[in-house]
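Presented below is the structure to which this report refers.
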Amino acid sequence: MAFSTGNDSGGPMAEINVTPLVDVMLVLLIIFMITAPLMSHKVQVDLPEANLDNRDTTAPPTPPINIAVEDNGNLYWNDEPVTKDLLESRLSIEAQKTPQPQINVRGDKTTKYRIVSEVVQIAQAQGMRKVGFMALKEPR
């Protein structure tokens, strides 16, 4: 019920009755305080344990192999010129090693992607699983 301020003109009041609003907000606060801890339950998951004792620590990691491709089709194996046939034979030898080295393919700015794609397809056809691309970091 609204209280008058002494002006009994019978017109509408310009003040808002905030008592019901405060009551509703307190009830909502109590509800959230009770339900919030219940919502933060954790799910228990049995994770497998890693067995690091079975690793072969005698084999050192193999260095990556860099294959450079020029726009005219020249290929370089770690900066040594090779032909496509020699590239295939070297890749088939490297594919049989355990662990396999990573193949990094880099091309000139003017090299067509078709030529780079052929080198990647040759590497994958020989059984290489880790084939990536190299690029230079942009200067700032």
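All residue names refer to the structure tokens as shown: chains lettered A, B, ... in order, residues numbered from 1 in each chain, ligands numbered from 1 in order.
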
Q | Distance query Thr110 (chain A) at most 12 Å, only C-alpha atoms, self and fewer than 5 positions along chain excluded, as a list in words | A |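 Final neighbour list, sorted by chain and number: Val69, Glu70, Asp71, Asn72, Gly73, Ile115 and Val116 of chain A.
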
Using C-alpha atoms, can you write the selected residues to a file as an mmCIF file, in the first residue's frame?
```cif
data_model
loop_
_atom_site.group_PDB
_atom_site.id
_atom_site.type_symbol
_atom_site.label_atom_id
_atom_site.label_comp_id
_atom_site.auth_asym_id
_atom_site.auth_seq_id
_atom_site.Cartn_x
_atom_site.Cartn_y
_atom_site.Cartn_z
ATOM 1 C CA VAL A 69 61.846 -26.618 -54.344
ATOM 2 C CA GLU A 70 62.658 -23.879 -56.839
ATOM 3 C CA ASP A 71 60.203 -22.427 -59.335
ATOM 4 C CA ASN A 72 61.980 -24.138 -62.261
ATOM 5 C CA GLY A 73 61.554 -27.568 -60.629
ATOM 6 C CA ILE A 115 55.344 -28.361 -57.951
ATOM 7 C CA VAL A 116 55.363 -28.354 -54.139
#
```

Would you pick out the contacts of Arg106 (chain A) at 8 Å or less, using only C-alpha atoms, so that residues sharing its chain but fewer than 5 positions from it are not included, and give the list as a short mmCIF file (atom, residue, chain, number, x, y, z; two decimals) with N, CA and C atoms, in the first residue's frame?
```
data_model
loop_
_atom_site.label_atom_id
_atom_site.label_comp_id
_atom_site.auth_asym_id
_atom_site.auth_seq_id
_atom_site.Cartn_x
_atom_site.Cartn_y
_atom_site.Cartn_z
N ASN A 66 65.22 -31.34 -44.91
CA ASN A 66 64.69 -30.18 -45.61
C ASN A 66 64.78 -30.40 -47.11
N ILE A 67 63.64 -30.31 -47.76
CA ILE A 67 63.58 -30.42 -49.22
C ILE A 67 63.17 -29.06 -49.76
N ALA A 68 64.07 -28.45 -50.53
CA ALA A 68 63.80 -27.14 -51.12
C ALA A 68 63.36 -27.33 -52.56
N VAL A 69 62.38 -26.54 -52.99
CA VAL A 69 61.85 -26.62 -54.34
C VAL A 69 61.94 -25.23 -54.96
N VAL A 116 55.21 -27.98 -55.55
CA VAL A 116 55.36 -28.35 -54.14
C VAL A 116 54.46 -29.55 -53.81
N PHE A 133 55.55 -28.06 -43.97
CA PHE A 133 55.99 -26.96 -44.81
C PHE A 133 56.81 -25.98 -43.98
N MET A 134 57.75 -25.32 -44.63
CA MET A 134 58.57 -24.30 -43.98
C MET A 134 58.27 -22.95 -44.61
N ALA A 135 58.32 -21.92 -43.77
CA ALA A 135 58.14 -20.54 -44.25
C ALA A 135 58.99 -19.64 -43.39
#
```

(Q) List the spatial neighbours of region 121-125 of chain A as an MDAnalysis selection string - criterion: any atom at most 10 Å away, only C-alpha atoms, same-chain residues fewer than 2 positions off excluded. (A) chainID A and resid 84:85 87:88 90:92 94:95 103 105 115:119 127:131

With 12 Å as the cut-off and only C-alpha atoms counted, what is the closest atom pair between each nearby residue of region 29-133 of chain A and region 20-25 of chain A? Distances in Å to one decimal, ordered by chain and number, as JSON lines.
```
{"residue": "A:Leu29", "atom": "CA", "partner": "A:Met25", "partner_atom": "CA", "distance": 6.1}
{"residue": "A:Ile30", "atom": "CA", "partner": "A:Met25", "partner_atom": "CA", "distance": 8.7}
{"residue": "A:Ile31", "atom": "CA", "partner": "A:Met25", "partner_atom": "CA", "distance": 9.8}
{"residue": "A:Phe32", "atom": "CA", "partner": "A:Met25", "partner_atom": "CA", "distance": 10.5}
```

Q | Atom-to-atom span, CA of Pro81 (chain A) and CA of Asn104 (chain A), Å | A |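 Going from CA of Pro81 (chain A) over to CA of Asn104 (chain A), I get 15.5 Å.
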